[in-house]
Amino acid sequence: MNDKSTKLLDYVQTLDNDLSVGGFSHVFDLQTRIAEGRIQSQEELEGFILHPMMNRLVRQDGAAILAIYAAADQRDIRQIARIDRYILGRIAAHENDEGVRQRGRRLLKLAQALYPWLNLKALDELAQKELSPVCLATAHAYVNYQLGSSRDHTVYGYMQSAVCTCIQLAARSLSIPPHDAKALAGKWTAEMEHAWTAEKDSLPTDLFNIQENDSHIAS
């Protein structure tokens, strides 16, 4: 996955180790399951990655990234806000709004520093007008849209970030050797990509309460 989306994630996370673009909304769930003793082995960890993590990454977050690309093509800021609120609704049980806002702002700030020519006015407008907090998934999708990354590679980068972050966390808690953890990350990143390729064209298109409106992103 030698693509702009992956390069962006790698560099951003080198600069800010607490900023996991694809993983943060899954880490809390994983930590809870480990703490409660529901995940105690590599086999149980893989069961968590297969479900519910794959379901959320492929069928929900992946679909949201596709929808953000479509809304960006139409320069439809309100549709991006609706998608962002949809993502926020899924993680509200684990993160407060301010935590979500802070992470989104940090990614946008780092992306703008890395690529000062990017036009991120649309997301600034979302935050300033309080239409939506701008979640990490939204920021990741829109930044990569501006970079010209393909939809698929943007989804792949997001999924890779989530898988690697969660396995890194679990490896420490479950004493999984580094070599095994690396192999596990490679295996499940590939599994996520295969699932995405197989399912992306059949994902539902009505998840985000799409409505006609006349508010558009400024050029």
# chains A, B, ... in the order shown; residues from 1 in each chain; ligands from 1
$ residues_around --residues "A:Glu43" --least-positions-apart "3" --cutoff "12 Å" --atoms "only C-alpha atoms" --output "ChimeraX atom specification"
/A:38-40,46-50,170,174,176,184
$ write_last_selection --atoms "all heavy atoms" --output "JSON list (two decimals), in the first residue's frame"
[["chain", "number", "residue", "atom", "x", "y", "z"],
["A", 38, "ARG", "N", -12.72, -10.82, 28.65],
["A", 38, "ARG", "CA", -13.42, -11.42, 27.52],
["A", 38, "ARG", "C", -12.47, -11.73, 26.36],
["A", 38, "ARG", "O", -12.81, -12.51, 25.47],
["A", 38, "ARG", "CB", -14.55, -10.49, 27.05],
["A", 38, "ARG", "CG", -15.71, -10.42, 28.03],
["A", 38, "ARG", "CD", -16.85, -9.62, 27.44],
["A", 38, "ARG", "NE", -16.58, -8.19, 27.47],
["A", 38, "ARG", "CZ", -17.21, -7.30, 26.69],
["A", 38, "ARG", "NH1", -18.10, -7.70, 25.80],
["A", 38, "ARG", "NH2", -16.93, -6.01, 26.80],
["A", 39, "ILE", "N", -11.30, -11.09, 26.36],
["A", 39, "ILE", "CA", -10.25, -11.41, 25.39],
["A", 39, "ILE", "C", -9.00, -11.74, 26.18],
["A", 39, "ILE", "O", -8.41, -10.87, 26.83],
["A", 39, "ILE", "CB", -10.00, -10.24, 24.42],
["A", 39, "ILE", "CG1", -11.23, -9.98, 23.55],
["A", 39, "ILE", "CG2", -8.79, -10.53, 23.54],
["A", 39, "ILE", "CD1", -11.07, -8.81, 22.60],
["A", 40, "GLN", "N", -8.59, -13.02, 26.13],
["A", 40, "GLN", "CA", -7.43, -13.46, 26.89],
["A", 40, "GLN", "C", -6.41, -14.20, 26.03],
["A", 40, "GLN", "O", -5.38, -14.63, 26.55],
["A", 40, "GLN", "CB", -7.89, -14.39, 28.03],
["A", 40, "GLN", "CG", -8.83, -13.74, 29.01],
["A", 40, "GLN", "CD", -9.19, -14.65, 30.17],
["A", 40, "GLN", "OE1", -8.44, -15.55, 30.53],
["A", 40, "GLN", "NE2", -10.35, -14.42, 30.76],
["A", 46, "GLU", "N", -8.44, -12.43, 17.54],
["A", 46, "GLU", "CA", -8.80, -12.54, 16.13],
["A", 46, "GLU", "C", -10.32, -12.60, 15.95],
["A", 46, "GLU", "O", -10.84, -12.10, 14.95],
["A", 46, "GLU", "CB", -8.13, -13.77, 15.52],
["A", 46, "GLU", "CG", -6.62, -13.61, 15.42],
["A", 46, "GLU", "CD", -5.96, -14.63, 14.52],
["A", 46, "GLU", "OE1", -6.14, -14.54, 13.30],
["A", 46, "GLU", "OE2", -5.28, -15.53, 15.07],
["A", 47, "GLY", "N", -11.01, -13.18, 16.91],
["A", 47, "GLY", "CA", -12.47, -13.17, 16.86],
["A", 47, "GLY", "C", -13.02, -11.75, 16.95],
["A", 47, "GLY", "O", -13.97, -11.40, 16.24],
["A", 48, "PHE", "N", -12.39, -10.91, 17.78],
["A", 48, "PHE", "CA", -12.80, -9.51, 17.89],
["A", 48, "PHE", "C", -12.54, -8.76, 16.58],
["A", 48, "PHE", "O", -13.37, -7.97, 16.13],
["A", 48, "PHE", "CB", -12.02, -8.84, 19.03],
["A", 48, "PHE", "CG", -12.17, -7.34, 19.07],
["A", 48, "PHE", "CD1", -13.30, -6.75, 19.61],
["A", 48, "PHE", "CD2", -11.16, -6.51, 18.59],
["A", 48, "PHE", "CE1", -13.43, -5.37, 19.66],
["A", 48, "PHE", "CE2", -11.28, -5.14, 18.62],
["A", 48, "PHE", "CZ", -12.43, -4.56, 19.17],
["A", 49, "ILE", "N", -11.38, -9.04, 15.96],
["A", 49, "ILE", "CA", -11.06, -8.35, 14.70],
["A", 49, "ILE", "C", -12.03, -8.76, 13.60],
["A", 49, "ILE", "O", -12.49, -7.93, 12.82],
["A", 49, "ILE", "CB", -9.60, -8.64, 14.29],
["A", 49, "ILE", "CG1", -8.64, -8.09, 15.33],
["A", 49, "ILE", "CG2", -9.29, -8.02, 12.92],
["A", 49, "ILE", "CD1", -7.19, -8.51, 15.12],
["A", 50, "LEU", "N", -12.37, -10.06, 13.57],
["A", 50, "LEU", "CA", -13.31, -10.54, 12.56],
["A", 50, "LEU", "C", -14.69, -9.94, 12.75],
["A", 50, "LEU", "O", -15.36, -9.55, 11.80],
["A", 50, "LEU", "CB", -13.39, -12.08, 12.61],
["A", 50, "LEU", "CG", -14.39, -12.74, 11.66],
["A", 50, "LEU", "CD1", -13.99, -12.47, 10.21],
["A", 50, "LEU", "CD2", -14.45, -14.24, 11.93],
["A", 170, "ALA", "N", -3.11, -4.90, 21.99],
["A", 170, "ALA", "CA", -3.40, -6.23, 22.50],
["A", 170, "ALA", "C", -2.13, -7.05, 22.72],
["A", 170, "ALA", "O", -2.06, -7.85, 23.66],
["A", 170, "ALA", "CB", -4.34, -6.96, 21.54],
["A", 174, "LEU", "N", -1.58, -9.07, 26.07],
["A", 174, "LEU", "CA", -1.70, -10.52, 25.99],
["A", 174, "LEU", "C", -0.34, -11.21, 25.82],
["A", 174, "LEU", "O", -0.29, -12.43, 25.63],
["A", 174, "LEU", "CB", -2.60, -10.91, 24.81],
["A", 174, "LEU", "CG", -4.01, -10.31, 24.82],
["A", 174, "LEU", "CD1", -4.77, -10.71, 23.56],
["A", 174, "LEU", "CD2", -4.78, -10.73, 26.06],
["A", 176, "ILE", "N", 1.84, -11.14, 23.35],
["A", 176, "ILE", "CA", 2.06, -11.72, 22.03],
["A", 176, "ILE", "C", 3.43, -11.26, 21.54],
["A", 176, "ILE", "O", 3.71, -10.05, 21.53],
["A", 176, "ILE", "CB", 0.97, -11.28, 21.04],
["A", 176, "ILE", "CG1", -0.40, -11.77, 21.52],
["A", 176, "ILE", "CG2", 1.25, -11.80, 19.64],
["A", 176, "ILE", "CD1", -1.56, -11.24, 20.68],
["A", 184, "LEU", "N", 0.35, -11.03, 12.51],
["A", 184, "LEU", "CA", -1.09, -10.91, 12.73],
["A", 184, "LEU", "C", -1.62, -9.63, 12.08],
["A", 184, "LEU", "O", -2.70, -9.63, 11.46],
["A", 184, "LEU", "CB", -1.37, -10.90, 14.23],
["A", 184, "LEU", "CG", -2.77, -11.21, 14.72],
["A", 184, "LEU", "CD1", -3.19, -12.60, 14.28],
["A", 184, "LEU", "CD2", -2.84, -11.08, 16.24]]
$ select_by_dssp --residues "stretch 35-142 of chain A" --states "alpha helix (DSSP H)" --output "MDAnalysis selection string"
chainID A and resid 35 42:48 54 62:74 77:91 97:114 121:128 136:142
$ closest_residue --among "A:Lys121, A:Arg59, A:Arg172, A:His153" --to "A:Arg75" --atoms "only C-alpha atoms"
A:Lys121
$ closest_residue --among "A:Tyr86, A:Met54, A:Glu125, A:Val134" --to "A:Ala190" --atoms "only C-alpha atoms"
A:Met54
$ closest_residue --among "A:Ala35, A:Ala70, A:Ile77, A:Ala141" --to "A:Val155" --atoms "only C-alpha atoms"
A:Ala141
